[in-house]
>>> print(open('my_file38.cif').read())   # mmCIF, C-alpha atoms and all ligand atoms
data_entry
#
loop_
_atom_site.label_atom_id
_atom_site.label_comp_id
_atom_site.auth_asym_id
_atom_site.auth_seq_id
_atom_site.Cartn_x
_atom_site.Cartn_y
_atom_site.Cartn_z
CA MET J 29 26.21 -8.37 32.27
CA ALA J 30 22.67 -7.63 31.13
CA THR J 31 21.52 -9.14 27.83
CA PHE J 32 19.38 -6.08 27.12
CA THR J 33 20.32 -2.49 27.78
CA ARG J 34 18.53 0.60 26.59
CA ASP J 35 19.71 2.34 23.39
CA THR J 36 21.68 5.47 24.12
CA GLU J 37 23.41 6.06 20.83
CA ILE J 38 21.24 5.50 17.78
CA PHE J 39 17.49 5.72 18.46
CA ARG J 40 16.01 8.28 20.82
CA ASN J 41 12.44 7.32 19.87
CA GLU J 42 12.28 4.66 17.18
CA ASP J 43 8.47 4.61 17.16
CA MET J 44 8.73 7.82 15.16
CA LEU J 45 10.17 5.85 12.25
CA ARG J 46 7.47 3.22 12.24
CA GLU J 47 4.67 2.84 9.76
CA ASP J 48 1.84 3.81 12.11
CA TYR J 49 3.45 6.98 13.46
CA GLN J 50 1.39 10.08 12.79
CA PRO J 51 3.63 13.16 12.48
CA ASP J 52 2.56 16.36 14.26
CA SER J 53 3.57 18.41 11.28
CA ILE J 54 3.59 17.83 7.55
CA THR J 55 6.53 18.87 5.45
CA ALA J 56 6.61 19.68 1.73
CA ARG J 57 2.90 19.45 0.95
CA GLU J 58 1.87 23.12 1.07
CA ASP J 59 -0.10 23.15 -2.21
CA GLU J 60 -2.00 19.95 -1.46
CA ILE J 61 -2.82 21.14 2.07
CA SER J 62 -4.06 24.44 0.74
CA THR J 63 -6.38 22.78 -1.83
CA TYR J 64 -7.53 20.24 0.75
CA THR J 65 -8.24 22.99 3.31
CA ALA J 66 -10.33 24.89 0.78
CA ALA J 67 -12.28 21.72 -0.04
CA LEU J 68 -13.07 21.20 3.68
CA GLN J 69 -14.06 24.84 4.25
CA PRO J 70 -17.83 24.30 3.66
CA ILE J 71 -17.85 22.11 6.78
CA VAL J 72 -16.59 24.98 8.94
CA ASN J 73 -19.35 27.13 7.48
CA GLY J 74 -21.94 24.56 8.50
CA ALA J 75 -22.66 23.73 4.85
CA GLN J 76 -22.96 20.36 3.14
CA PRO J 77 -19.44 18.85 2.82
CA ARG J 78 -17.85 18.32 -0.56
CA ASN J 79 -16.72 14.89 -1.63
CA ILE J 80 -12.99 14.68 -2.06
CA PHE J 81 -10.88 12.16 -3.93
CA LEU J 82 -7.16 11.92 -3.18
CA TYR J 83 -4.94 9.94 -5.43
CA GLY J 84 -1.23 9.40 -5.86
CA LYS J 85 1.31 6.63 -5.58
CA THR J 86 1.98 4.79 -2.36
CA GLY J 87 3.85 6.58 0.45
CA VAL J 88 3.33 10.12 -0.80
CA GLY J 89 1.45 11.39 2.25
CA LYS J 90 -2.23 10.99 1.33
CA THR J 91 -3.08 9.33 4.64
CA ALA J 92 -0.71 11.40 6.77
CA VAL J 93 -2.02 14.69 5.34
CA SER J 94 -5.63 13.56 5.76
CA ARG J 95 -5.14 12.57 9.40
CA TYR J 96 -3.31 15.80 10.11
CA LEU J 97 -5.90 18.07 8.47
CA LEU J 98 -8.96 16.25 9.81
CA LYS J 99 -7.56 16.49 13.32
CA GLN J 100 -7.15 20.23 12.86
CA LEU J 101 -10.62 20.46 11.40
CA GLN J 102 -12.11 18.66 14.40
CA ARG J 103 -10.24 20.94 16.76
CA ASP J 104 -11.17 24.14 14.93
CA THR J 105 -14.85 23.34 14.44
CA GLU J 106 -15.32 22.84 18.18
CA GLN J 107 -15.67 26.61 18.59
CA TYR J 108 -18.81 26.68 16.42
CA ASP J 109 -21.90 25.44 18.24
CA ASP J 110 -23.78 24.85 15.02
CA VAL J 111 -21.13 22.49 13.58
CA GLU J 112 -21.07 18.97 14.86
CA LEU J 113 -18.39 17.01 13.07
CA SER J 114 -17.77 13.26 13.24
CA VAL J 115 -15.10 11.46 11.24
CA CYS J 116 -15.31 7.76 10.48
CA TRP J 117 -12.20 6.21 8.98
CA LEU J 118 -12.42 2.90 7.13
CA ASN J 119 -9.55 1.07 5.48
CA CYS J 120 -11.10 -0.76 2.53
CA THR J 121 -8.30 -3.27 1.98
CA ASN J 122 -10.01 -6.61 1.22
CA LEU J 123 -13.45 -5.00 0.97
CA SER J 124 -14.34 -5.74 -2.62
CA SER J 125 -17.95 -4.55 -2.90
CA SER J 126 -20.27 -1.73 -1.91
CA TYR J 127 -22.06 -4.21 0.36
CA GLN J 128 -18.91 -5.03 2.33
CA VAL J 129 -17.97 -1.37 2.65
CA ALA J 130 -21.48 -0.53 3.91
CA VAL J 131 -21.46 -3.35 6.49
CA ASN J 132 -18.04 -2.30 7.74
CA LEU J 133 -19.11 1.32 8.00
CA VAL J 134 -22.15 0.32 10.04
CA ASN J 135 -20.00 -1.75 12.37
CA GLN J 136 -17.47 1.03 12.69
CA LEU J 137 -20.25 3.44 13.70
CA ARG J 138 -21.89 1.01 16.13
CA PRO J 139 -20.59 -0.11 19.52
CA ALA J 140 -18.67 -3.41 19.66
CA ASP J 141 -21.59 -5.29 21.25
CA ASP J 142 -24.08 -4.25 18.57
CA GLN J 143 -22.44 -5.30 15.30
CA ILE J 144 -24.29 -6.62 12.26
CA SER J 145 -23.41 -9.78 10.41
CA THR J 146 -21.16 -9.37 7.36
CA THR J 147 -23.45 -11.52 5.20
CA GLY J 148 -27.11 -12.25 4.69
CA TYR J 149 -28.76 -8.86 4.15
CA PRO J 150 -30.09 -7.51 0.87
CA GLN J 151 -27.84 -4.62 -0.18
CA GLN J 152 -30.53 -1.98 0.15
CA ARG J 153 -31.22 -3.12 3.72
CA VAL J 154 -27.57 -2.54 4.68
CA PHE J 155 -27.67 0.89 3.08
CA ASP J 156 -30.83 1.65 5.10
CA ILE J 157 -29.13 0.56 8.33
CA LEU J 158 -26.19 2.76 7.42
CA TYR J 159 -28.48 5.75 6.87
CA GLU J 160 -30.14 5.12 10.24
CA GLU J 161 -26.72 5.12 11.90
CA LEU J 162 -25.68 8.30 10.13
CA ASP J 163 -28.89 10.06 11.11
CA GLN J 164 -28.46 8.91 14.68
CA ILE J 165 -25.06 10.59 14.80
CA GLY J 166 -26.38 13.66 12.99
CA GLY J 167 -24.40 16.73 11.95
CA THR J 168 -21.59 16.49 9.44
CA VAL J 169 -20.26 12.96 9.11
CA LEU J 170 -17.09 12.54 7.07
CA LEU J 171 -16.51 9.01 5.85
CA VAL J 172 -12.88 8.52 4.94
CA LEU J 173 -12.49 5.47 2.70
CA ASP J 174 -8.79 4.67 2.49
CA GLU J 175 -7.58 2.22 -0.22
CA ILE J 176 -10.98 2.66 -1.85
CA ASP J 177 -9.81 1.02 -5.10
CA HIS J 178 -10.31 -2.41 -3.48
CA ILE J 179 -14.03 -1.92 -4.06
CA GLY J 180 -13.39 -2.38 -7.81
CA SER J 181 -16.31 -1.81 -10.13
CA ASP J 182 -18.95 -2.58 -7.46
CA ASP J 183 -18.88 1.09 -6.50
CA GLU J 184 -22.54 2.04 -6.06
CA ILE J 185 -22.00 3.18 -2.49
CA LEU J 186 -19.74 5.95 -3.70
CA TYR J 187 -22.68 7.36 -5.55
CA GLU J 188 -25.37 6.52 -3.01
CA ILE J 189 -23.95 8.04 0.18
CA PRO J 190 -23.27 11.51 -1.19
CA ARG J 191 -26.77 11.55 -2.73
CA ALA J 192 -28.53 10.11 0.31
CA ARG J 193 -29.59 13.47 1.68
CA SER J 194 -30.95 14.87 -1.56
CA ASN J 195 -32.71 11.55 -2.17
CA GLY J 196 -34.50 11.88 1.15
CA TYR J 197 -32.82 8.97 2.97
CA LEU J 198 -31.20 11.25 5.53
CA SER J 199 -32.73 14.09 7.46
CA LYS J 200 -30.25 14.86 10.23
CA ALA J 201 -26.84 13.85 8.87
CA LYS J 202 -24.82 15.65 6.23
CA PRO J 203 -22.45 13.01 4.86
CA GLY J 204 -19.26 13.62 2.92
CA VAL J 205 -16.98 11.03 1.41
CA ILE J 206 -13.21 11.31 1.23
CA GLY J 207 -11.84 8.55 -1.02
CA ILE J 208 -8.13 7.75 -1.01
CA SER J 209 -6.45 5.60 -3.63
CA ASN J 210 -3.05 4.79 -5.05
CA ASP J 211 -4.47 3.02 -8.08
CA PHE J 212 -4.63 5.41 -11.01
CA GLY J 213 -6.59 2.90 -13.07
CA PHE J 214 -9.39 2.94 -10.49
CA ARG J 215 -9.91 6.66 -10.90
CA ASP J 216 -9.86 6.45 -14.69
CA ASP J 217 -12.29 3.52 -14.74
CA LEU J 218 -14.91 5.04 -12.42
CA SER J 219 -18.28 5.28 -14.09
CA PRO J 220 -19.12 8.88 -15.08
CA LYS J 221 -21.86 9.20 -12.43
CA VAL J 222 -19.56 8.03 -9.62
CA LYS J 223 -16.72 10.20 -10.91
CA ASP J 224 -18.95 13.29 -10.94
CA THR J 225 -20.07 12.62 -7.37
CA LEU J 226 -16.94 11.34 -5.66
CA CYS J 227 -14.42 13.47 -7.47
CA GLU J 228 -16.11 16.79 -6.76
CA GLU J 229 -12.69 17.86 -5.52
CA GLU J 230 -9.70 15.90 -6.77
CA ILE J 231 -6.30 16.27 -5.19
CA HIS J 232 -3.32 14.63 -6.77
CA PHE J 233 -0.28 13.85 -4.63
CA SER J 234 2.83 13.59 -6.79
CA PRO J 235 5.94 11.61 -5.81
CA TYR J 236 8.40 13.50 -3.62
CA ASN J 237 11.70 14.70 -5.06
CA ALA J 238 15.01 14.33 -3.20
CA PRO J 239 14.99 17.76 -1.45
CA GLU J 240 11.41 17.15 -0.23
CA LEU J 241 12.31 13.72 1.12
CA ARG J 242 15.35 15.21 2.76
CA ALA J 243 13.20 17.79 4.53
CA ILE J 244 10.77 15.07 5.71
CA LEU J 245 13.62 12.91 7.01
CA GLU J 246 15.35 15.80 8.77
CA GLU J 247 12.16 16.71 10.58
CA ARG J 248 11.60 13.10 11.69
CA VAL J 249 15.21 12.38 12.63
CA ALA J 250 15.32 15.29 15.04
CA GLY J 251 13.00 13.41 17.38
CA ALA J 252 13.73 9.82 16.42
CA MET J 253 17.53 9.65 16.58
CA TYR J 254 20.37 11.04 18.63
CA ASP J 255 22.11 14.06 17.12
CA ASP J 256 25.46 12.39 16.68
CA ALA J 257 24.02 9.23 15.13
CA VAL J 258 23.15 10.68 11.72
CA ASP J 259 24.75 13.26 9.49
CA ASP J 260 23.53 15.14 6.42
CA ALA J 261 25.23 12.80 3.96
CA VAL J 262 23.32 9.78 5.30
CA ILE J 263 20.00 11.61 5.17
CA ALA J 264 20.74 12.89 1.67
CA LEU J 265 21.57 9.37 0.49
CA CYS J 266 18.34 7.86 1.90
CA ALA J 267 16.39 10.68 0.24
CA ALA J 268 18.21 10.29 -3.08
CA ILE J 269 17.66 6.52 -3.23
CA ALA J 270 13.94 6.82 -2.49
CA ALA J 271 13.50 9.77 -4.86
CA GLN J 272 15.09 7.86 -7.73
CA ASP J 273 13.12 4.72 -7.03
CA THR J 274 9.56 5.58 -5.95
CA GLY J 275 9.39 9.11 -4.56
CA SER J 276 7.81 7.59 -1.45
CA ALA J 277 8.39 9.01 2.03
CA ARG J 278 7.63 5.55 3.42
CA GLN J 279 10.52 4.07 1.48
CA ALA J 280 12.89 6.86 2.59
CA LEU J 281 11.87 6.39 6.24
CA ASP J 282 12.19 2.59 5.97
CA ILE J 283 15.71 2.86 4.57
CA LEU J 284 16.72 5.20 7.35
CA TYR J 285 15.20 2.99 10.04
CA LYS J 286 16.81 -0.14 8.64
CA SER J 287 20.18 1.63 8.42
CA GLY J 288 19.86 2.50 12.10
CA GLU J 289 19.03 -1.10 12.96
CA ILE J 290 22.10 -2.33 11.09
CA ALA J 291 24.32 0.18 12.90
CA ARG J 292 22.79 -0.85 16.24
CA THR J 293 23.27 -4.56 15.53
CA ASN J 294 26.90 -3.88 14.70
CA SER J 295 27.26 -1.84 17.93
CA GLU J 296 28.25 1.22 15.95
CA LYS J 297 27.49 4.74 17.12
CA ARG J 298 26.92 6.41 13.79
CA LEU J 299 25.10 5.55 10.62
CA THR J 300 27.29 5.42 7.53
CA GLU J 301 26.54 5.43 3.82
CA GLU J 302 27.52 1.77 3.78
CA HIS J 303 24.73 1.04 6.29
CA VAL J 304 22.31 2.79 3.96
CA HIS J 305 23.36 0.66 0.97
CA GLN J 306 23.03 -2.51 3.04
CA ALA J 307 19.63 -1.39 4.28
CA ARG J 308 18.39 -0.77 0.78
CA GLU J 309 19.52 -4.21 -0.31
CA LYS J 310 17.87 -5.90 2.66
CA LEU J 311 14.60 -4.09 2.13
CA GLU J 312 14.57 -4.93 -1.56
CA GLN J 313 15.25 -8.54 -0.72
CA SER J 314 12.44 -8.78 1.79
CA GLN J 315 10.08 -7.10 -0.67
CA VAL J 316 10.91 -9.67 -3.36
CA GLU J 317 10.57 -12.49 -0.83
CA HIS J 318 7.20 -11.18 0.24
CA GLY J 319 6.14 -10.92 -3.43
CA MET J 320 7.07 -14.56 -4.01
CA ARG J 321 5.27 -15.86 -0.94
CA GLU J 322 2.08 -14.01 -1.88
CA LEU J 323 1.81 -15.61 -5.34
CA THR J 324 -1.00 -18.02 -6.20
CA LYS J 325 -0.47 -21.79 -6.32
CA HIS J 326 0.23 -21.67 -10.08
CA GLY J 327 2.65 -18.79 -9.56
CA HIS J 328 4.47 -20.99 -7.03
CA LEU J 329 4.51 -23.93 -9.45
CA ALA J 330 5.94 -21.71 -12.20
CA LEU J 331 8.56 -20.47 -9.75
CA VAL J 332 9.62 -24.02 -8.86
CA ALA J 333 9.84 -25.01 -12.55
CA MET J 334 12.02 -21.99 -13.26
CA LEU J 335 14.20 -22.77 -10.24
CA GLN J 336 14.83 -26.29 -11.47
CA LEU J 337 15.84 -24.99 -14.90
CA ALA J 338 18.11 -22.41 -13.26
CA PHE J 339 19.81 -25.12 -11.16
CA GLU J 340 20.32 -27.15 -14.34
CA GLN J 341 21.89 -24.11 -16.02
CA GLU J 342 19.03 -24.16 -18.54
CA THR J 343 18.08 -20.52 -18.18
CA PRO J 344 17.29 -18.24 -19.96
CA ALA J 345 14.40 -20.50 -20.86
CA ARG J 346 11.43 -20.27 -23.21
CA ILE J 347 7.88 -21.14 -22.29
CA ARG J 348 8.15 -24.34 -24.35
CA ASP J 349 10.91 -25.49 -21.96
CA VAL J 350 9.25 -24.29 -18.75
CA TYR J 351 5.76 -25.58 -19.49
CA PRO J 352 6.41 -29.40 -19.55
CA LEU J 353 8.28 -29.10 -16.28
CA TYR J 354 5.53 -26.99 -14.73
CA ARG J 355 2.96 -29.62 -15.84
CA ARG J 356 4.94 -32.43 -14.28
CA ILE J 357 5.37 -30.60 -10.97
CA ALA J 358 1.67 -29.64 -10.91
CA GLU J 359 0.54 -33.21 -11.57
CA GLY J 360 2.99 -34.54 -8.98
CA SER J 361 1.43 -32.10 -6.49
CA ASN J 362 -2.16 -33.08 -7.40
CA VAL J 363 -2.94 -29.74 -8.98
CA ASP J 364 -4.68 -29.46 -12.37
CA PRO J 365 -2.19 -27.73 -14.62
CA LEU J 366 -3.22 -24.61 -16.52
CA VAL J 367 -3.08 -24.49 -20.29
CA ARG J 368 0.17 -23.17 -21.66
CA ARG J 369 -1.05 -19.66 -22.41
CA ARG J 370 -2.46 -19.18 -18.90
CA MET J 371 0.71 -20.51 -17.37
CA HIS J 372 2.66 -18.01 -19.49
CA ASP J 373 0.69 -15.23 -17.76
CA HIS J 374 2.20 -16.37 -14.48
CA LEU J 375 5.72 -16.09 -15.88
CA ALA J 376 4.84 -12.61 -17.09
CA ASP J 377 3.63 -11.77 -13.55
CA LEU J 378 6.91 -13.00 -12.09
CA ALA J 379 8.71 -10.71 -14.51
CA MET J 380 6.48 -7.79 -13.55
CA LEU J 381 7.34 -8.33 -9.88
CA GLY J 382 11.05 -8.15 -10.72
CA ILE J 383 11.61 -11.82 -9.82
CA LEU J 384 12.30 -12.87 -13.41
CA ASP J 385 13.96 -10.98 -16.19
CA ARG J 386 12.09 -11.26 -19.50
CA GLN J 387 13.67 -10.64 -22.88
CA MET J 388 11.97 -10.68 -26.23
CA LYS J 389 13.86 -12.54 -28.96
CA ASN J 390 13.27 -12.54 -32.69
CA GLU J 391 13.53 -15.74 -34.59
CA GLY J 392 15.51 -14.97 -37.75
CA ARG J 393 13.94 -14.02 -41.01
CA ALA J 394 10.97 -16.30 -40.74
CA GLY J 395 9.70 -13.70 -38.30
CA GLY J 396 7.96 -14.57 -35.05
CA HIS J 397 9.19 -13.65 -31.64
CA TYR J 398 9.31 -15.31 -28.25
CA TYR J 399 10.18 -14.49 -24.67
CA GLN J 400 13.07 -15.82 -22.66
CA TYR J 401 13.03 -15.85 -18.87
CA GLU J 402 15.72 -16.06 -16.22
CA PHE J 403 15.93 -15.12 -12.54
CA ASP J 404 16.66 -11.52 -11.74
CA VAL J 405 17.13 -12.30 -8.02
CA ASP J 406 19.57 -14.40 -6.06
CA LEU J 407 18.71 -18.11 -6.31
CA ASP J 408 19.39 -18.56 -2.58
CA ILE J 409 16.50 -16.22 -1.79
CA VAL J 410 14.20 -18.14 -4.13
CA GLY J 411 15.35 -21.39 -2.52
CA ASP J 412 14.53 -20.05 0.96
CA VAL J 413 10.99 -19.24 -0.16
CA VAL J 414 10.41 -22.46 -2.12
CA ARG J 415 11.54 -24.56 0.86
CA ASP J 416 8.33 -23.50 2.65
CA PHE J 417 5.97 -24.65 -0.14
CA ASP J 418 4.42 -27.51 1.83
CA SER J 419 1.78 -28.47 -0.72
CA ILE J 420 4.09 -28.69 -3.73
CA ALA J 421 6.03 -31.90 -4.43
CA LEU J 422 9.41 -30.38 -5.20
CA PRO J 423 11.49 -32.15 -7.89
CA LYS J 424 14.61 -33.88 -6.61
CA GLY J 425 16.85 -31.50 -8.55
CA VAL J 426 15.44 -28.66 -6.46
CA THR J 427 15.34 -30.31 -3.02
CA ALA J 428 18.95 -31.45 -3.42
CA ARG J 429 20.06 -27.87 -3.84
CA ILE J 430 17.98 -26.07 -1.22
CA GLU J 431 18.29 -28.35 1.76
N1 LIG K 1 4.77 15.33 3.91
C1 LIG K 1 5.07 14.50 4.89
N2 LIG K 1 5.56 14.95 6.06
C2 LIG K 1 5.87 14.07 7.04
N3 LIG K 1 5.72 12.75 6.96
C3 LIG K 1 5.23 12.24 5.81
C4 LIG K 1 4.87 13.09 4.73
N4 LIG K 1 4.42 12.34 3.71
C5 LIG K 1 4.48 11.06 4.12
N5 LIG K 1 4.97 10.99 5.38
C6 LIG K 1 5.19 9.77 6.14
O1 LIG K 1 5.48 8.74 5.19
C7 LIG K 1 4.77 7.54 5.48
C8 LIG K 1 3.85 7.16 4.36
O2 LIG K 1 2.87 8.17 4.19
P1 LIG K 1 1.31 7.89 3.99
O3 LIG K 1 0.91 6.66 4.72
O4 LIG K 1 0.58 9.14 4.28
O5 LIG K 1 1.30 7.59 2.42
P2 LIG K 1 0.06 7.27 1.48
O6 LIG K 1 0.20 8.20 0.31
O7 LIG K 1 -1.21 7.32 2.24
O8 LIG K 1 0.42 5.80 1.02
P3 LIG K 1 -0.54 4.53 0.70
O9 LIG K 1 -1.21 4.84 -0.60
O10 LIG K 1 0.43 3.41 0.58
O11 LIG K 1 -1.48 4.38 1.85
C9 LIG K 1 4.05 7.78 6.79
O12 LIG K 1 4.87 7.31 7.84
C10 LIG K 1 3.95 9.31 6.88
O13 LIG K 1 3.95 9.72 8.21
#
>>> encode(input="my_file38.cif", output="structure tokens")
Amino acid sequence: MATFTRDTEIFRNEDMLREDYQPDSITAREDEISTYTAALQPIVNGAQPRNIFLYGKTGVGKTAVSRYLLKQLQRDTEQYDDVELSVCWLNCTNLSSSYQVAVNLVNQLRPADDQISTTGYPQQRVFDILYEELDQIGGTVLLVLDEIDHIGSDDEILYEIPRARSNGYLSKAKPGVIGISNDFGFRDDLSPKVKDTLCEEEIHFSPYNAPELRAILEERVAGAMYDDAVDDAVIALCAAIAAQDTGSARQALDILYKSGEIARTNSEKRLTEEHVHQAREKLEQSQVEHGMRELTKHGHLALVAMLQLAFEQETPARIRDVYPLYRRIAEGSNVDPLVRRRMHDHLADLAMLGILDRQMKNEGRAGGHYYQYEFDVDLDIVGDVVRDFDSIALPKGVTARIE
């Protein structure tokens, strides 16, 4: 018997449930699409493009709607000889300055064998090279800067590019910037001059509610899964869970996909509500695991100290109990320990990530309050992560329990 046989019961086209799938149609975003379309209209008229800033939490369709509309815009402007539209898409994750964004834009616009180095130029020189590239392309050039918040406060480029034409740096190209961000703080903290320029048109994407997520899932499922594999109750449950938690279409799609994988692994023909609950738990678990692995060295040390206390039944614990242990583990691992207050920040971070639970306690009449911490996740999961900390000398009390 073959080890592998093709799916005939659950997934018809599972690629449609994956992160990088671009849907042909967008559901439940009529108002945003209408505002966005109006903001892009000057391009069709051959006029200078407006700068657009899209913001909203993760998974609410900012990227999907942009890709969908810009594709339509490219198709529809082809009929006008006097409109030449180019779209350059840059994901700014890990690009933390205007310089880095400019270099990456240049390299995106240039052929692979003519790239510039990512270091070593004065900033103005990189901007000049970028303007040369833009002028070489000519016409309307839309620069889509996804995850733009990574640029932080070094945001000069967001002011410079839109002004480049009026400042005389460009003669042939009409640039427009579309910034996309899920960090609300970034938008609020933009300097007034950048805000005025970049946020000429602002479009806010709000979290989806359950009926909207249901509509998105139904549309996707029709192509991705076999008709008999999923029923309305399963779709409604995935939508309800995601709506209550984040309002993210990504989360709803992930839960559905994971549920299908669980059903497939169990050789079952239909998804059930139980599969959905299991899927949600698994996804939450892998998210927490990922969060723990991504912590800094001191975050890892704090985690190990907390784990030891948990194994010794000494949690909930106060910072005064965690700190000496943290110090000892840090010194044993040849790491300079942080001062107590800084180390406390790491415990607070662990609480923010949902790894620890933090409770404030009041100390009787004398006043004063303190925090108590304990794990909010299964200790086995923490143990699985901690086992891979190669550069930390784990205390015996921990190794004995996780091996
Ligand atoms: N209205 C919609 N119709 C169909 N699919 C959607 C819709 N909104 C989101 N999706 C799908 O949900 C997933 C996440 O959407 P998208 O990447 O656009 O979110 P985002 O707001 O850009 O998130 P992030 O800020 O994390 O980049 C994608 O797979 C996308 O195809």
>>> residues_around(input="my_file38.cif", residues="Gly288 (chain J)", least_positions_apart="3", cutoff="7 Å", atoms="all atoms listed in the file", output="ChimeraX atom specification")
/J:38,284-285,291-292,299
>>> write_last_selection(input="my_file38.cif", atoms="C-alpha atoms", output="mmCIF file, keeping the file's coordinate frame")
data_model
loop_
_atom_site.group_PDB
_atom_site.id
_atom_site.type_symbol
_atom_site.label_atom_id
_atom_site.label_comp_id
_atom_site.auth_asym_id
_atom_site.auth_seq_id
_atom_site.Cartn_x
_atom_site.Cartn_y
_atom_site.Cartn_z
ATOM 1 C CA ILE J 38 21.240 5.500 17.780
ATOM 2 C CA LEU J 284 16.720 5.200 7.350
ATOM 3 C CA TYR J 285 15.200 2.990 10.040
ATOM 4 C CA ALA J 291 24.320 0.180 12.900
ATOM 5 C CA ARG J 292 22.790 -0.850 16.240
ATOM 6 C CA LEU J 299 25.100 5.550 10.620
#
>>> closest_residue(input="my_file38.cif", among="J:Asp377, J:Glu301, J:Glu246, J:Asp217", to="ligand LIG 1 (chain K)", atoms="all atoms listed in the file")
J:Glu246
>>> closest_atom_pairs(input="my_file38.cif", of="chain J", to="ligand LIG 1 (chain K)", cutoff="8 Å", atoms="only C-alpha atoms and all ligand atoms", output="tab-separated table")
residue	atom	partner	partner_atom	distance
J:Leu45	CA	K:LIG1	O12	7.0
J:Arg46	CA	K:LIG1	O12	6.5
J:Glu47	CA	K:LIG1	O12	4.9
J:Asp48	CA	K:LIG1	O12	6.3
J:Tyr49	CA	K:LIG1	O12	5.8
J:Gln50	CA	K:LIG1	O13	5.3
J:Pro51	CA	K:LIG1	O13	5.5
J:Ser53	CA	K:LIG1	C2	6.5
J:Ile54	CA	K:LIG1	N2	3.8
J:Thr55	CA	K:LIG1	N2	4.1
J:Ala56	CA	K:LIG1	N1	5.2
J:Arg57	CA	K:LIG1	N1	5.4
J:Tyr83	CA	K:LIG1	O6	7.9
J:Gly84	CA	K:LIG1	O6	6.4
J:Lys85	CA	K:LIG1	O9	5.9
J:Thr86	CA	K:LIG1	O10	3.6
J:Gly87	CA	K:LIG1	O5	3.4
J:Val88	CA	K:LIG1	O6	3.8
J:Gly89	CA	K:LIG1	O4	3.2
J:Lys90	CA	K:LIG1	O6	3.8
J:Thr91	CA	K:LIG1	O7	3.6
J:Ala92	CA	K:LIG1	O4	3.6
J:Val93	CA	K:LIG1	O4	6.2
J:Ser94	CA	K:LIG1	O4	7.8
J:Asp174	CA	K:LIG1	O11	7.3
J:Glu175	CA	K:LIG1	O11	6.8
J:Ile208	CA	K:LIG1	O9	7.5
J:Ser209	CA	K:LIG1	O9	6.1
J:Asn210	CA	K:LIG1	O9	4.8
J:Phe233	CA	K:LIG1	O6	7.5
J:Ile244	CA	K:LIG1	C2	5.2
J:Leu245	CA	K:LIG1	C2	7.8
J:Glu247	CA	K:LIG1	C2	7.7
J:Arg248	CA	K:LIG1	C2	7.4
J:Ser276	CA	K:LIG1	C8	7.0
J:Ala277	CA	K:LIG1	O1	4.3
J:Arg278	CA	K:LIG1	C7	4.0
J:Gln279	CA	K:LIG1	O1	7.8
J:Leu281	CA	K:LIG1	O1	6.9
>>> closest_residue(input="my_file38.cif", among="J:Gln315, J:Ser62, J:Thr225, J:Thr168", to="Leu186 (chain J)", atoms="all atoms listed in the file")
J:Thr225
>>> atom_distance(input="my_file38.cif", atom1="CA of Gln152 (chain J)", atom2="CA of Val115 (chain J)")
23.3 Å
>>> closest_residue(input="my_file38.cif", among="J:Ala192, J:Met29, J:Leu101, J:Ala250", to="Asn41 (chain J)", atoms="all atoms listed in the file")
J:Ala250
>>> residues_around(input="my_file38.cif", residues="region 132-149 of chain J", least_positions_apart="2", cutoff="8 Å", atoms="all atoms listed in the file", output="MDAnalysis selection string")
chainID J and resid 116 118 128:130 151 153:154 157:158 161
>>> build_atoms(input="my_file38.cif", residues="region 146-155 of chain J", atoms="N, CA and C atoms", output="PDB file, keeping the file's coordinate frame")
ATOM      1  N   THR J 146     -21.763  -9.855   8.614  1.00  0.00           N
ATOM      2  CA  THR J 146     -21.160  -9.370   7.360  1.00  0.00           C
ATOM      3  C   THR J 146     -21.825  -9.991   6.128  1.00  0.00           C
ATOM      4  N   THR J 147     -22.745 -10.927   6.353  1.00  0.00           N
ATOM      5  CA  THR J 147     -23.450 -11.520   5.200  1.00  0.00           C
ATOM      6  C   THR J 147     -24.943 -11.619   5.514  1.00  0.00           C
ATOM      7  N   GLY J 148     -25.721 -11.868   4.461  1.00  0.00           N
ATOM      8  CA  GLY J 148     -27.110 -12.250   4.690  1.00  0.00           C
ATOM      9  C   GLY J 148     -28.151 -11.161   4.517  1.00  0.00           C
ATOM     10  N   TYR J 149     -27.752  -9.913   4.357  1.00  0.00           N
ATOM     11  CA  TYR J 149     -28.760  -8.860   4.150  1.00  0.00           C
ATOM     12  C   TYR J 149     -28.853  -8.520   2.661  1.00  0.00           C
ATOM     13  N   PRO J 150     -30.051  -8.095   2.214  1.00  0.00           N
ATOM     14  CA  PRO J 150     -30.090  -7.510   0.870  1.00  0.00           C
ATOM     15  C   PRO J 150     -29.307  -6.182   0.922  1.00  0.00           C
ATOM     16  N   GLN J 151     -28.691  -5.826  -0.197  1.00  0.00           N
ATOM     17  CA  GLN J 151     -27.840  -4.620  -0.180  1.00  0.00           C
ATOM     18  C   GLN J 151     -28.581  -3.376   0.302  1.00  0.00           C
ATOM     19  N   GLN J 152     -29.809  -3.203  -0.205  1.00  0.00           N
ATOM     20  CA  GLN J 152     -30.530  -1.980   0.150  1.00  0.00           C
ATOM     21  C   GLN J 152     -30.781  -1.912   1.661  1.00  0.00           C
ATOM     22  N   ARG J 153     -30.979  -3.086   2.267  1.00  0.00           N
ATOM     23  CA  ARG J 153     -31.220  -3.120   3.720  1.00  0.00           C
ATOM     24  C   ARG J 153     -29.970  -2.605   4.469  1.00  0.00           C
ATOM     25  N   VAL J 154     -28.798  -3.016   4.011  1.00  0.00           N
ATOM     26  CA  VAL J 154     -27.570  -2.540   4.680  1.00  0.00           C
ATOM     27  C   VAL J 154     -27.420  -1.038   4.488  1.00  0.00           C
ATOM     28  N   PHE J 155     -27.738  -0.560   3.291  1.00  0.00           N
ATOM     29  CA  PHE J 155     -27.670   0.890   3.080  1.00  0.00           C
ATOM     30  C   PHE J 155     -28.641   1.597   4.036  1.00  0.00           C
TER      31      PHE J 155
END
